[in-house]
Amino acid sequence: MSGKVKIMERKGKDLYERLYLVEIVKGMAVTFGHFISNFLDNSKLYVRHYPEQKPEITSRWRGRHRLTTHEDGSVKCVACFMCQTNCPAKCIMIEAGERVDGRTEKMPVRFDIDLLECIYCGYCVEACPMEAIRMDTGIFAVTGSDRQSFVMKLDALLATPGAFSEEEYKKGGA
Amino acid sequence: MAEKVKLFVNGQEVEVEAGKNLIDAFGAIGIEIPHLCYHPALGADGNCRMCLVGIEDGRPPFVPACKTKVAEGMKVQLDTEKIMKIQRDIMELELINHPIDCPICDQAGECKLQDFYMGYDGKPSRMTVKQVLKAKKVEFGCGVVHDQERCVLCARCVRFTRLITKTGELGIVNRTDNARVNIFPGRPLNNRYALNVVDLCPVGAMTSRDFRFKQRAWFLAKSPSICQGCSKGCNIFIDHNREKYKDEVIYRYRPRLNDKVNGYFMCDEGRMTYKLENDDRLTTAQVNGREAGLSVAVEAVRRAISEAKKTVVLVSPNASLEQMFAIQQFAASINASLSGYSDGYIKAEDGDDFLIQDDKSANRAAFTLLNIDDSKVGFDAALNDADLLISFQNDLGRSLAEDQLASILAKVKLITISNALTSCATKAAVAVPAASYSEDSGSLINCDGRLQRYEIALVKNQPLKSLIEVTNLIGGEIANNQEARAGLQAAVAVLKDIDLEQIPAEGIALTESEVAHVAA
Amino acid sequence: MSQLDILLLVLRVAFGAFVPLCFIAVLVWMERRGAAFFQDRSGPNRAGIFGFRAAGLVQNLADAVKLITKEDIIPDHVRHKFYFVLAPVIVFSVAIVSFAAIPFADALIINGKTYLMQTIPTDLGILWFLALAGFAVYGIILAGWSSHNKYGVLGGLRAAAQVISYEIPMALAIISALVVYGTVNLTEIAQFQGQLLFGFIPMWGVVLQPLGAIIFIVAAFAEANRTPFDLAEGESELVAGFHVEYSAMKFGMFFMGEYVAMFTSSAIIVTLYFGGYQIPWFSTETLVDNARVFTVLLMLLIPAFAWVFALWMAKNNKSHYDRPDDPRVREAQIYTKLLWCAVAALEIVLFIYLITVSGGVADRILVALLQIVTFLVKTTLMCFVYVWVRWTLPRFRYDQLQKLGWQTLLPLSLLNIFVTSAIVVALS
């Protein structure tokens, strides 16, 4: 046998354990203990009362995407298609055009992310050479009443602010 | 086969073609010598110094591979420490003032600087001083956009305008860091091959206005085909892509090397003919101006043929050999007279002595081969007492003036089988869509009598029937290219000895085989 | 047939039909909240009507509305649509009908006439249950087969093999019980268990037949397709097993059928081994003879229990985070008021009974009601055991399941028959 194989010792060979019933009763005693203590005092439950109590999102959390802007409000994205190329879910659809805001030289005229297809892997963020796409909005619950509302357009992506300061975001390992 | 010589590369014996320089000779057997300025069509310039190699025979320690011919017994060193350092240093030199704007550069993905950086450099920048800023997005004319910052000053473009087009619009001005490619003031690029500099440019300094920002290079599928812009039949790559939720779209044509036809180049008009493949296509059948199903339209055509007293079949000079033969057989089977009248496809005095031809149709040479009359006299005579005209992709609107066409249409019923929404197709009583050449395969004979083959380059989401299939639907005997080729071989003496299924990449010169046939 | 006959008939049928149906809601609630508490979660507790959540019971209502209003899909690839629709009907109706033979109170004697407190006053008793319990699996097999789906068929196959394997030990366990009781009639069996062993131990089946009881309970779990024997719908390997193609209310029927089956088999376990409707140490006659004493006792116990319950409610029904004017506290206050109103009403009814109609028929009706409550409490506790086991034990592997059935339970149940018979013969 090579060194990596580990032989596990089989338990439950003696009659006492093979009877099984005793062990079942033991196990049931454990679960019943939980039940009765929770039943008598439900304040001990390990539950977050979600819609009222929001979870704290860390800066490493990959939430819904957004597109960042320069200080003057112009879009950082240069439509290099790196995110679209890397996207394993093929959920990013970009159309590039000539830049009109004075910077060189290319910008997206269409930037759609289909959130129904997105798997939130964060490859787009890693691939982006301009730090233009980020997943730091802290939005973890994306809801909508029709499919079209899940396709995030350029405006919506630009309009969403980041949930963290630049230092916090950098500390998150980005 | 060319003569071979034996020599040693890095101590290993290889056999290469004699008479070539080291870059070409080794490139043919798969050994790459990095180079920026050398291009086979433009010759060696030796300005980039990227191709320096060592030869152990008492010469100076390093020689440019582009200027060195192979010789028997030569001992070439490509990977010594010193050579690799030179390559690294050259790369570093080239990248000193390079803006590294690959994200917005159309060349990214097919850029020599990127390839060589990954292959021969891979070092981070040591630059601490400010980069020299030069002009970006300079319009050079003819749809060429120049970015001086990206330029590596290889002078391929300059040499192209001097050696190939002999127009010499471009030059390198200034020295050292400030050297840049530029046009002379007020004299932009002005020749019909200007876009070739985009292909020639090893980096992203020359980009095409037309293709700019449309696609990234790595998304494009590259299918070989033949340009049908004129009778030269330049070999091309069709670069196309199917984006998500969309149809196949062709984004550009690029010349494909064929020494016997077009070399490394093609003309600008030819490049832009890709637009005809994307836009203004006839995609649904039309009966009396209304959209109809294919079967309805085919039925209408069949009825019209059976009701007609005399039919004239008009074939396009762009049709492939196989298509022409199928249509010829079909015309014979319904006792129709066949004409190839297409004077409008000829643009007199337009051609030059390089690639561009007067005749803007791809396959007129095949008319002679198949004895199809394309004279105006013959067409008028055939039309004289006819009441039905079936046009196979032949746009009569190009050959005839508006009123002439109207007077003809007053007499005959027009049926068009077309790939494009031409004026002829819109006026037809029945218009049946057919696949265009990028979606079909076939053989063409160019102006020099060279038989070439193109294959299906792309498949649309809703593929159209090919011209032969449509001809078959409306009553033609021949159902596909194979049957047509078999028929051609039986009918045409010149093609008898040619394996029509296996046409080599550079094509077959028909005149030679015709001579051979006569001799036999 | 007198009016009384008809009234009692209607009442019994109504009991047999509606109690299992009502218990679906209770059991689903118990399963989900119970599971949550076993796992230190809170379970569904949000659905409410005007803020009244009834400890999560309203969730069941919401689920039912959802299941009923969902699009009822029959997949295109289903060839035998009739059987496809029939399958959940079989599962559900068989589960309900098998409850019909179970007595929920001692035979009621009114005006010298004896009324068996079963939905169907049949003597078949346990045989009725055995026959129908075996039939329920037809629904599952039919569902799996007509779904025309690999997972479905595999689920159905497993269900069939499992039922065959466990029907035998179950029947053999019953045989040894029958040897003891000497009857198949469930009312008589329950009456038998009203006696006392050695004068102080209730002569319940579990005392006389401990091994038989264990075998029967294990087999009943398997018959009801409950964990740890729910291989027919093993999610990890079979997606959802036999009901993978079912949606909306057809799935709802399976779902409800499962809980009715759980209720029914709990009832049969209680009847066979836990004294049925018998209140321990107090036989029907004792209760009837001392009806007044018990009534007074009851009138004291009810407020005491209500008081404890109100305290528990006040402690637990509140929001566990800062919330102004906590609606859960207000909700609990309203429940408490309602609780005390109900207690007061009960007290008044019992008081009126005490001073006016006590003695004679009223005593017997009171005792019958007490026994019904006892029966339901015992059954509910048994159902809780079902839930408890489900959230404690992992699912068996298929070969382990078969091995347990054939190599362990079968020999044990045969042994049990021999031993029981020997003792019974020796004692008689």
# chains A, B, ... in the order shown; residues from 1 in each chain; ligands from 1
>>> residues_around(residues="range 37-48 of chain B", least_positions_apart="5", cutoff="9 Å", atoms="only C-alpha atoms", output="list in words")
Ile23, Asp24, Pro64, Ala65, Cys66, Lys67, Ile90, Val152, Leu153, Cys154, Ala155, Arg156, Arg159, Phe160, Leu163, Ile164, Leu200, Cys201, Pro202, Gly263 and Tyr264 of chain B
>>> write_last_selection(atoms="C-alpha atoms", output="PDB file, in the first residue's frame")
ATOM      1  CA  ILE B  23      13.530  33.210 -41.174  1.00  0.00           C
ATOM      2  CA  ASP B  24      11.577  31.807 -44.108  1.00  0.00           C
ATOM      3  CA  PRO B  64      20.267  39.252 -38.776  1.00  0.00           C
ATOM      4  CA  ALA B  65      18.487  36.100 -39.890  1.00  0.00           C
ATOM      5  CA  CYS B  66      16.406  38.033 -42.397  1.00  0.00           C
ATOM      6  CA  LYS B  67      19.459  39.016 -44.382  1.00  0.00           C
ATOM      7  CA  ILE B  90      15.157  44.491 -27.957  1.00  0.00           C
ATOM      8  CA  VAL B 152       7.726  49.869 -33.278  1.00  0.00           C
ATOM      9  CA  LEU B 153       9.124  51.634 -36.344  1.00  0.00           C
ATOM     10  CA  CYS B 154       9.582  48.453 -38.324  1.00  0.00           C
ATOM     11  CA  ALA B 155       8.770  50.449 -41.467  1.00  0.00           C
ATOM     12  CA  ARG B 156       6.769  47.645 -43.034  1.00  0.00           C
ATOM     13  CA  ARG B 159       8.143  49.949 -47.447  1.00  0.00           C
ATOM     14  CA  PHE B 160       4.716  48.749 -48.589  1.00  0.00           C
ATOM     15  CA  LEU B 163       7.700  48.933 -52.953  1.00  0.00           C
ATOM     16  CA  ILE B 164       4.244  47.574 -53.619  1.00  0.00           C
ATOM     17  CA  LEU B 200       1.310  44.207 -42.386  1.00  0.00           C
ATOM     18  CA  CYS B 201       1.703  46.104 -39.142  1.00  0.00           C
ATOM     19  CA  PRO B 202       3.028  43.564 -36.610  1.00  0.00           C
ATOM     20  CA  GLY B 263       0.430  36.951 -52.760  1.00  0.00           C
ATOM     21  CA  TYR B 264      -0.021  38.494 -49.346  1.00  0.00           C
TER      22      TYR B 264
END
>>> residues_around(residues="Ala79 in chain A", least_positions_apart="5", cutoff="6 Å", atoms="only C-alpha atoms", output="PyMOL selection string")
chain A and resi 96+107-108
>>> residues_around(residues="range 167-173 of chain C", least_positions_apart="5", cutoff="9 Å", atoms="only C-alpha atoms", output="compact mmCIF listing (two decimals) with N, CA and C atoms, in the first residue's frame")
# COMPACT_ATOMS: atom_id res chain seq x y z
N LEU C 130 -53.84 -4.37 7.57
CA LEU C 130 -52.77 -5.07 6.84
C LEU C 130 -53.04 -5.06 5.35
N ALA C 133 -52.70 -1.41 4.00
CA ALA C 133 -51.33 -0.88 4.05
C ALA C 133 -50.52 -1.44 2.90
N GLY C 134 -50.75 -2.73 2.58
CA GLY C 134 -50.05 -3.33 1.46
C GLY C 134 -50.48 -2.72 0.14
N GLN C 162 -39.21 -3.00 -0.80
CA GLN C 162 -39.19 -2.67 0.61
C GLN C 162 -40.47 -3.14 1.30
N LEU C 178 -51.48 -11.31 18.20
CA LEU C 178 -52.81 -11.90 18.16
C LEU C 178 -52.88 -13.13 19.06
N GLN C 209 -45.48 -7.78 24.75
CA GLN C 209 -44.80 -8.13 23.50
C GLN C 209 -43.70 -7.13 23.17
N LEU C 211 -40.60 -7.34 22.11
CA LEU C 211 -39.90 -7.60 20.84
C LEU C 211 -40.83 -7.37 19.66
N GLY C 212 -42.05 -7.90 19.80
CA GLY C 212 -43.04 -7.72 18.73
C GLY C 212 -43.30 -6.24 18.48
N ALA C 213 -43.35 -5.45 19.56
CA ALA C 213 -43.62 -4.03 19.41
C ALA C 213 -42.50 -3.36 18.61
N ILE C 214 -41.25 -3.70 18.96
CA ILE C 214 -40.13 -3.08 18.24
C ILE C 214 -40.16 -3.46 16.76
N ILE C 215 -40.38 -4.77 16.52
CA ILE C 215 -40.42 -5.23 15.13
C ILE C 215 -41.54 -4.52 14.38
N PHE C 216 -42.68 -4.43 15.03
CA PHE C 216 -43.82 -3.82 14.36
C PHE C 216 -43.56 -2.34 14.08
N ILE C 217 -42.98 -1.66 15.04
CA ILE C 217 -42.73 -0.22 14.84
C ILE C 217 -41.73 -0.01 13.70
N VAL C 218 -40.67 -0.82 13.72
CA VAL C 218 -39.68 -0.69 12.65
C VAL C 218 -40.34 -0.95 11.30
N ALA C 219 -41.12 -2.02 11.23
CA ALA C 219 -41.77 -2.36 9.96
C ALA C 219 -42.77 -1.28 9.57
N ALA C 220 -43.43 -0.69 10.56
CA ALA C 220 -44.41 0.35 10.26
C ALA C 220 -43.71 1.58 9.68
N ALA C 222 -41.08 1.45 7.91
CA ALA C 222 -40.74 1.09 6.54
C ALA C 222 -41.97 1.16 5.64
N GLU C 223 -43.11 0.69 6.19
CA GLU C 223 -44.34 0.70 5.39
C GLU C 223 -44.79 2.12 5.07
N GLY C 405 -34.35 -6.34 7.07
CA GLY C 405 -35.67 -6.95 6.92
C GLY C 405 -35.62 -8.46 6.97
N TRP C 406 -34.75 -9.02 6.15
CA TRP C 406 -34.80 -10.48 5.97
C TRP C 406 -33.94 -11.22 6.99
N LEU C 409 -35.12 -8.95 11.19
CA LEU C 409 -36.49 -8.85 11.67
C LEU C 409 -37.27 -10.14 11.46
N LEU C 410 -37.05 -10.80 10.31
CA LEU C 410 -37.81 -12.02 10.03
C LEU C 410 -37.51 -13.13 11.04
N PRO C 411 -36.24 -13.49 11.25
CA PRO C 411 -35.97 -14.52 12.27
C PRO C 411 -36.43 -14.11 13.65
N LEU C 412 -36.25 -12.84 13.98
CA LEU C 412 -36.66 -12.39 15.30
C LEU C 412 -38.16 -12.52 15.48
N SER C 413 -38.91 -12.16 14.44
CA SER C 413 -40.36 -12.23 14.59
C SER C 413 -40.82 -13.68 14.66
N LEU C 414 -40.13 -14.59 13.92
CA LEU C 414 -40.48 -16.02 14.03
C LEU C 414 -40.19 -16.52 15.44
N ASN C 416 -40.12 -14.78 18.05
CA ASN C 416 -41.10 -14.17 18.94
C ASN C 416 -42.40 -14.98 18.96
N ILE C 417 -42.78 -15.47 17.76
CA ILE C 417 -44.01 -16.28 17.70
C ILE C 417 -43.85 -17.54 18.53
>>> interface_residues(of="chain B", to="chain A", cutoff="6 Å", atoms="only C-alpha atoms", output="list in words")
Pro103, Ile104 and Phe213 of chain B
>>> write_last_selection(atoms="N, CA and C atoms", output="short mmCIF file (atom, residue, chain, number, x, y, z; two decimals), in the first residue's frame")
data_model
loop_
_atom_site.label_atom_id
_atom_site.label_comp_id
_atom_site.auth_asym_id
_atom_site.auth_seq_id
_atom_site.Cartn_x
_atom_site.Cartn_y
_atom_site.Cartn_z
N PRO B 103 -5.77 46.56 -23.70
CA PRO B 103 -7.22 46.45 -23.54
C PRO B 103 -8.01 47.17 -24.61
N ILE B 104 -7.47 48.29 -25.13
CA ILE B 104 -8.25 49.01 -26.14
C ILE B 104 -7.65 48.86 -27.53
N PHE B 213 -12.80 48.44 -33.07
CA PHE B 213 -13.59 48.16 -31.86
C PHE B 213 -14.79 47.22 -32.11
#
>>> select_by_dssp(residues="range 226-266 of chain C", states="helix (DSSP H, G or I)", output="PDB file with C-alpha atoms, in the first residue's frame")
ATOM      1  CA  LEU C 231     -35.329   4.927   0.026  1.00  0.00           C
ATOM      2  CA  ALA C 232     -38.149   5.271  -2.463  1.00  0.00           C
ATOM      3  CA  GLU C 233     -37.613   8.994  -2.545  1.00  0.00           C
ATOM      4  CA  GLU C 235     -33.108  12.691  -2.880  1.00  0.00           C
ATOM      5  CA  SER C 236     -29.393  12.142  -3.087  1.00  0.00           C
ATOM      6  CA  GLU C 237     -29.620   9.277  -5.515  1.00  0.00           C
ATOM      7  CA  LEU C 238     -33.113   9.409  -7.003  1.00  0.00           C
ATOM      8  CA  GLY C 241     -37.949   9.031  -6.468  1.00  0.00           C
ATOM      9  CA  PHE C 242     -41.433   7.989  -7.424  1.00  0.00           C
ATOM     10  CA  HIS C 243     -42.945  11.481  -7.365  1.00  0.00           C
ATOM     11  CA  ALA C 248     -48.971  20.966  -7.810  1.00  0.00           C
ATOM     12  CA  MET C 249     -51.825  19.166  -6.071  1.00  0.00           C
ATOM     13  CA  LYS C 250     -50.935  15.749  -7.454  1.00  0.00           C
ATOM     14  CA  PHE C 251     -47.698  16.075  -5.556  1.00  0.00           C
ATOM     15  CA  GLY C 252     -49.757  17.490  -2.712  1.00  0.00           C
ATOM     16  CA  MET C 253     -51.760  14.260  -2.638  1.00  0.00           C
ATOM     17  CA  PHE C 254     -48.589  12.208  -2.197  1.00  0.00           C
ATOM     18  CA  PHE C 255     -47.419  14.609   0.425  1.00  0.00           C
ATOM     19  CA  MET C 256     -50.693  14.489   2.308  1.00  0.00           C
ATOM     20  CA  GLY C 257     -50.943  10.752   1.800  1.00  0.00           C
ATOM     21  CA  GLU C 258     -47.582  10.326   3.478  1.00  0.00           C
ATOM     22  CA  TYR C 259     -48.742  12.186   6.545  1.00  0.00           C
ATOM     23  CA  VAL C 260     -52.085  10.419   6.695  1.00  0.00           C
ATOM     24  CA  ALA C 261     -50.207   7.127   6.468  1.00  0.00           C
ATOM     25  CA  MET C 262     -47.968   8.292   9.270  1.00  0.00           C
ATOM     26  CA  PHE C 263     -51.000   9.182  11.363  1.00  0.00           C
ATOM     27  CA  THR C 264     -52.726   5.897  10.601  1.00  0.00           C
ATOM     28  CA  SER C 265     -49.723   3.770  11.397  1.00  0.00           C
ATOM     29  CA  SER C 266     -49.188   5.742  14.592  1.00  0.00           C
TER      30      SER C 266
END
>>> closest_residue(among="A:Arg18, A:Leu67, A:Gly73, A:Val142", to="Thr160 in chain A", atoms="only C-alpha atoms")
A:Leu67
>>> residues_around(residues="Phe354 in chain B", least_positions_apart="4", cutoff="10 Å", atoms="only C-alpha atoms", output="JSON list (two decimals) with C-alpha atoms, in the first residue's frame")
[["chain", "number", "residue", "atom", "x", "y", "z"],
["B", 164, "ILE", "CA", 4.24, 47.57, -53.62],
["B", 165, "THR", "CA", 1.93, 50.46, -54.37],
["B", 193, "TYR", "CA", -4.41, 48.80, -51.33],
["B", 232, "LYS", "CA", -8.89, 38.06, -59.66],
["B", 262, "ASN", "CA", -2.68, 37.50, -54.85],
["B", 265, "PHE", "CA", -2.38, 41.29, -50.35],
["B", 266, "MET", "CA", -5.82, 42.24, -51.49],
["B", 267, "CYS", "CA", -7.50, 45.46, -52.53]]
>>> residues_around(residues="Cys121 in chain A", least_positions_apart="3", cutoff="8 Å", atoms="only C-alpha atoms", output="PyMOL selection string")
chain A and resi 62+118+124
>>> interface_residues(of="chain C", to="chain A", cutoff="12 Å", atoms="only C-alpha atoms", output="ChimeraX atom specification")
/C:30,33-46,55,211,214-215,218,228,308-309,311-323,384-394,404,408-409
>>> residues_around(residues="Tyr273 in chain C", least_positions_apart="3", cutoff="12 Å", atoms="only C-alpha atoms", output="compact mmCIF listing (two decimals) with N, CA and C atoms, in the first residue's frame")
# COMPACT_ATOMS: atom_id res chain seq x y z
N ALA C 173 -45.10 -10.17 13.40
CA ALA C 173 -45.17 -9.51 14.71
C ALA C 173 -46.61 -9.41 15.17
N ILE C 174 -47.50 -9.14 14.22
CA ILE C 174 -48.91 -9.05 14.57
C ILE C 174 -49.43 -10.42 15.04
N SER C 176 -47.92 -12.79 16.61
CA SER C 176 -47.62 -13.09 18.01
C SER C 176 -48.46 -12.23 18.94
N ALA C 177 -48.76 -10.99 18.47
CA ALA C 177 -49.65 -10.17 19.29
C ALA C 177 -51.05 -10.79 19.35
N LEU C 178 -51.48 -11.31 18.20
CA LEU C 178 -52.81 -11.90 18.16
C LEU C 178 -52.88 -13.13 19.06
N VAL C 180 -51.46 -13.44 21.80
CA VAL C 180 -51.66 -12.93 23.15
C VAL C 180 -53.08 -12.44 23.35
N TYR C 181 -53.54 -11.61 22.39
CA TYR C 181 -54.85 -11.00 22.56
C TYR C 181 -55.99 -11.98 22.27
N LEU C 186 -59.98 -4.93 16.73
CA LEU C 186 -59.14 -3.92 17.38
C LEU C 186 -59.79 -3.37 18.65
N ILE C 189 -59.03 -5.78 21.23
CA ILE C 189 -57.60 -5.69 21.58
C ILE C 189 -57.38 -4.55 22.54
N ALA C 190 -58.02 -3.39 22.24
CA ALA C 190 -57.87 -2.23 23.12
C ALA C 190 -58.47 -2.51 24.48
N GLN C 191 -59.60 -3.18 24.49
CA GLN C 191 -60.23 -3.51 25.77
C GLN C 191 -59.33 -4.42 26.59
N PHE C 192 -58.69 -5.39 25.90
CA PHE C 192 -57.77 -6.33 26.57
C PHE C 192 -56.69 -5.55 27.30
N GLN C 193 -56.22 -4.46 26.64
CA GLN C 193 -55.10 -3.72 27.21
C GLN C 193 -55.54 -2.82 28.36
N GLY C 194 -56.82 -2.78 28.62
CA GLY C 194 -57.30 -2.01 29.77
C GLY C 194 -57.07 -2.73 31.09
N PRO C 202 -50.17 -1.55 33.59
CA PRO C 202 -51.18 -1.63 32.51
C PRO C 202 -50.77 -2.72 31.55
N MET C 203 -51.73 -3.55 31.16
CA MET C 203 -51.39 -4.70 30.33
C MET C 203 -51.32 -4.29 28.86
N TRP C 204 -50.43 -3.34 28.58
CA TRP C 204 -50.28 -2.86 27.21
C TRP C 204 -49.49 -3.87 26.38
N GLY C 205 -49.71 -3.81 25.11
CA GLY C 205 -49.02 -4.71 24.20
C GLY C 205 -47.51 -4.59 24.31
N VAL C 206 -47.01 -3.39 24.54
CA VAL C 206 -45.58 -3.20 24.60
C VAL C 206 -44.97 -3.91 25.80
N VAL C 207 -45.80 -4.11 26.82
CA VAL C 207 -45.31 -4.82 28.00
C VAL C 207 -45.33 -6.32 27.76
N LEU C 208 -46.42 -6.79 27.12
CA LEU C 208 -46.54 -8.22 26.88
C LEU C 208 -45.67 -8.65 25.70
N GLN C 209 -45.48 -7.78 24.75
CA GLN C 209 -44.80 -8.13 23.50
C GLN C 209 -43.70 -7.13 23.17
N PRO C 210 -42.71 -6.96 24.00
CA PRO C 210 -41.72 -5.91 23.72
C PRO C 210 -41.01 -6.10 22.38
N LEU C 211 -40.60 -7.34 22.11
CA LEU C 211 -39.90 -7.60 20.84
C LEU C 211 -40.83 -7.37 19.66
N GLY C 212 -42.05 -7.90 19.80
CA GLY C 212 -43.04 -7.72 18.73
C GLY C 212 -43.30 -6.24 18.48
N ALA C 213 -43.35 -5.45 19.56
CA ALA C 213 -43.62 -4.03 19.41
C ALA C 213 -42.50 -3.36 18.61
N ILE C 214 -41.25 -3.70 18.96
CA ILE C 214 -40.13 -3.08 18.24
C ILE C 214 -40.16 -3.46 16.76
N ILE C 215 -40.38 -4.77 16.52
CA ILE C 215 -40.42 -5.23 15.13
C ILE C 215 -41.54 -4.52 14.38
N PHE C 216 -42.68 -4.43 15.03
CA PHE C 216 -43.82 -3.82 14.36
C PHE C 216 -43.56 -2.34 14.08
N ILE C 217 -42.98 -1.66 15.04
CA ILE C 217 -42.73 -0.22 14.84
C ILE C 217 -41.73 -0.01 13.70
N SER C 265 -50.57 4.82 10.82
CA SER C 265 -49.72 3.77 11.40
C SER C 265 -49.39 4.11 12.85
N SER C 266 -49.33 5.39 13.18
CA SER C 266 -49.19 5.74 14.59
C SER C 266 -50.39 5.24 15.38
N ALA C 267 -51.58 5.45 14.79
CA ALA C 267 -52.80 5.02 15.47
C ALA C 267 -52.80 3.52 15.68
N ILE C 268 -52.35 2.78 14.66
CA ILE C 268 -52.39 1.32 14.79
C ILE C 268 -51.33 0.86 15.80
N ILE C 269 -50.19 1.54 15.83
CA ILE C 269 -49.17 1.18 16.82
C ILE C 269 -49.72 1.43 18.22
N VAL C 270 -50.36 2.57 18.38
CA VAL C 270 -50.93 2.91 19.68
C VAL C 270 -51.98 1.87 20.07
N GLY C 276 -54.19 1.73 23.07
CA GLY C 276 -55.26 2.38 22.31
C GLY C 276 -55.77 3.60 23.06
N TYR C 277 -57.09 3.64 23.18
CA TYR C 277 -57.72 4.80 23.83
C TYR C 277 -57.68 4.70 25.34
N GLN C 278 -57.12 3.59 25.87
CA GLN C 278 -57.19 3.38 27.32
C GLN C 278 -56.34 4.40 28.08
N LYS C 378 -52.06 10.13 22.48
CA LYS C 378 -51.10 9.03 22.29
C LYS C 378 -50.63 8.98 20.84
N THR C 379 -51.59 9.11 19.92
CA THR C 379 -51.23 9.05 18.50
C THR C 379 -50.29 10.20 18.13
N MET C 382 -46.94 9.44 19.26
CA MET C 382 -46.31 8.45 18.38
C MET C 382 -45.84 9.12 17.09
>>> residues_around(residues="Ile474 in chain B", least_positions_apart="2", cutoff="7 Å", atoms="only C-alpha atoms", output="PyMOL selection string")
chain B and resi 298+301-302+470-472+476
>>> closest_atom_pairs(of="range 57-126 of chain A", to="range 164-171 of chain A", cutoff="12 Å", atoms="only C-alpha atoms", output="JSON lines")
{"residue": "A:Ile57", "atom": "CA", "partner": "A:Phe164", "partner_atom": "CA", "distance": 9.8}
{"residue": "A:Thr58", "atom": "CA", "partner": "A:Phe164", "partner_atom": "CA", "distance": 8.9}
{"residue": "A:Ser59", "atom": "CA", "partner": "A:Tyr169", "partner_atom": "CA", "distance": 5.5}
{"residue": "A:Arg60", "atom": "CA", "partner": "A:Tyr169", "partner_atom": "CA", "distance": 7.3}
{"residue": "A:Trp61", "atom": "CA", "partner": "A:Tyr169", "partner_atom": "CA", "distance": 10.0}
{"residue": "A:Arg62", "atom": "CA", "partner": "A:Tyr169", "partner_atom": "CA", "distance": 11.3}
{"residue": "A:Gly63", "atom": "CA", "partner": "A:Phe164", "partner_atom": "CA", "distance": 11.9}
{"residue": "A:Thr68", "atom": "CA", "partner": "A:Glu166", "partner_atom": "CA", "distance": 11.6}
>>> write_last_selection(atoms="N, CA and C atoms", output="PDB file, in the first residue's frame")
ATOM      1  N   ILE A  57     -21.921  41.994   5.623  1.00  0.00           N
ATOM      2  CA  ILE A  57     -21.207  41.534   4.436  1.00  0.00           C
ATOM      3  C   ILE A  57     -19.758  41.998   4.543  1.00  0.00           C
ATOM      4  N   THR A  58     -18.833  41.071   4.348  1.00  0.00           N
ATOM      5  CA  THR A  58     -17.430  41.467   4.364  1.00  0.00           C
ATOM      6  C   THR A  58     -17.049  42.006   2.993  1.00  0.00           C
ATOM      7  N   SER A  59     -15.933  42.694   2.941  1.00  0.00           N
ATOM      8  CA  SER A  59     -15.543  43.320   1.683  1.00  0.00           C
ATOM      9  C   SER A  59     -15.105  42.274   0.665  1.00  0.00           C
ATOM     10  N   ARG A  60     -14.888  41.044   1.107  1.00  0.00           N
ATOM     11  CA  ARG A  60     -14.497  40.002   0.152  1.00  0.00           C
ATOM     12  C   ARG A  60     -15.709  39.356  -0.497  1.00  0.00           C
ATOM     13  N   TRP A  61     -16.873  39.664   0.034  1.00  0.00           N
ATOM     14  CA  TRP A  61     -18.091  39.031  -0.471  1.00  0.00           C
ATOM     15  C   TRP A  61     -18.337  39.437  -1.919  1.00  0.00           C
ATOM     16  N   ARG A  62     -18.640  38.442  -2.755  1.00  0.00           N
ATOM     17  CA  ARG A  62     -18.939  38.747  -4.147  1.00  0.00           C
ATOM     18  C   ARG A  62     -20.434  38.966  -4.300  1.00  0.00           C
ATOM     19  N   GLY A  63     -20.813  40.218  -4.309  1.00  0.00           N
ATOM     20  CA  GLY A  63     -22.219  40.551  -4.480  1.00  0.00           C
ATOM     21  C   GLY A  63     -22.509  40.884  -5.926  1.00  0.00           C
ATOM     22  N   THR A  68     -17.218  50.767 -12.075  1.00  0.00           N
ATOM     23  CA  THR A  68     -16.693  51.929 -11.352  1.00  0.00           C
ATOM     24  C   THR A  68     -16.459  53.084 -12.330  1.00  0.00           C
TER      25      THR A  68
END
>>> atom_distance(atom1="CA of Glu31 in chain C", atom2="CA of Tyr166 in chain C")
24.1 Å
>>> atom_distance(atom1="CA of Asp112 in chain A", atom2="CA of Ala159 in chain A")
13.7 Å
